[in-house]
Amino acid sequence: MPLPKNRIVPEKKIYYRAEIENCPDCGRKLKRHHTAWKKNVATLQGVIQV
């Protein structure tokens, strides 16, 4: 059985939100254009799923 492509196992998860919630021009609430994909980020402190 072949090894998985990504062998990095995240230690914790971090969720990011947009810095602004409303449009600066018209004031309407912003919505996502597409789904944000999960990424594993390797840092010196460990692996994080963002």
# chains A, B, ... in the order shown; residues from 1 in each chain; ligands from 1

call {"tool": "residues_around", "arguments": {"residues": "range 11-21 of chain A", "least_positions_apart": "6", "cutoff": "8 Å", "atoms": "only C-alpha atoms", "output": "number ranges by chain"}}
result
A: 29-30, 46-50

call {"tool": "select_by_dssp", "arguments": {"residues": "chain A", "states": "strand (DSSP E or B)", "output": "PyMOL selection string"}}
result
chain A and resi 12-13+22+29+40-43+46-49

call {"tool": "atom_distance", "arguments": {"atom1": "CA of Cys23 in chain A", "atom2": "CA of Trp37 in chain A"}}
result
23.3 Å
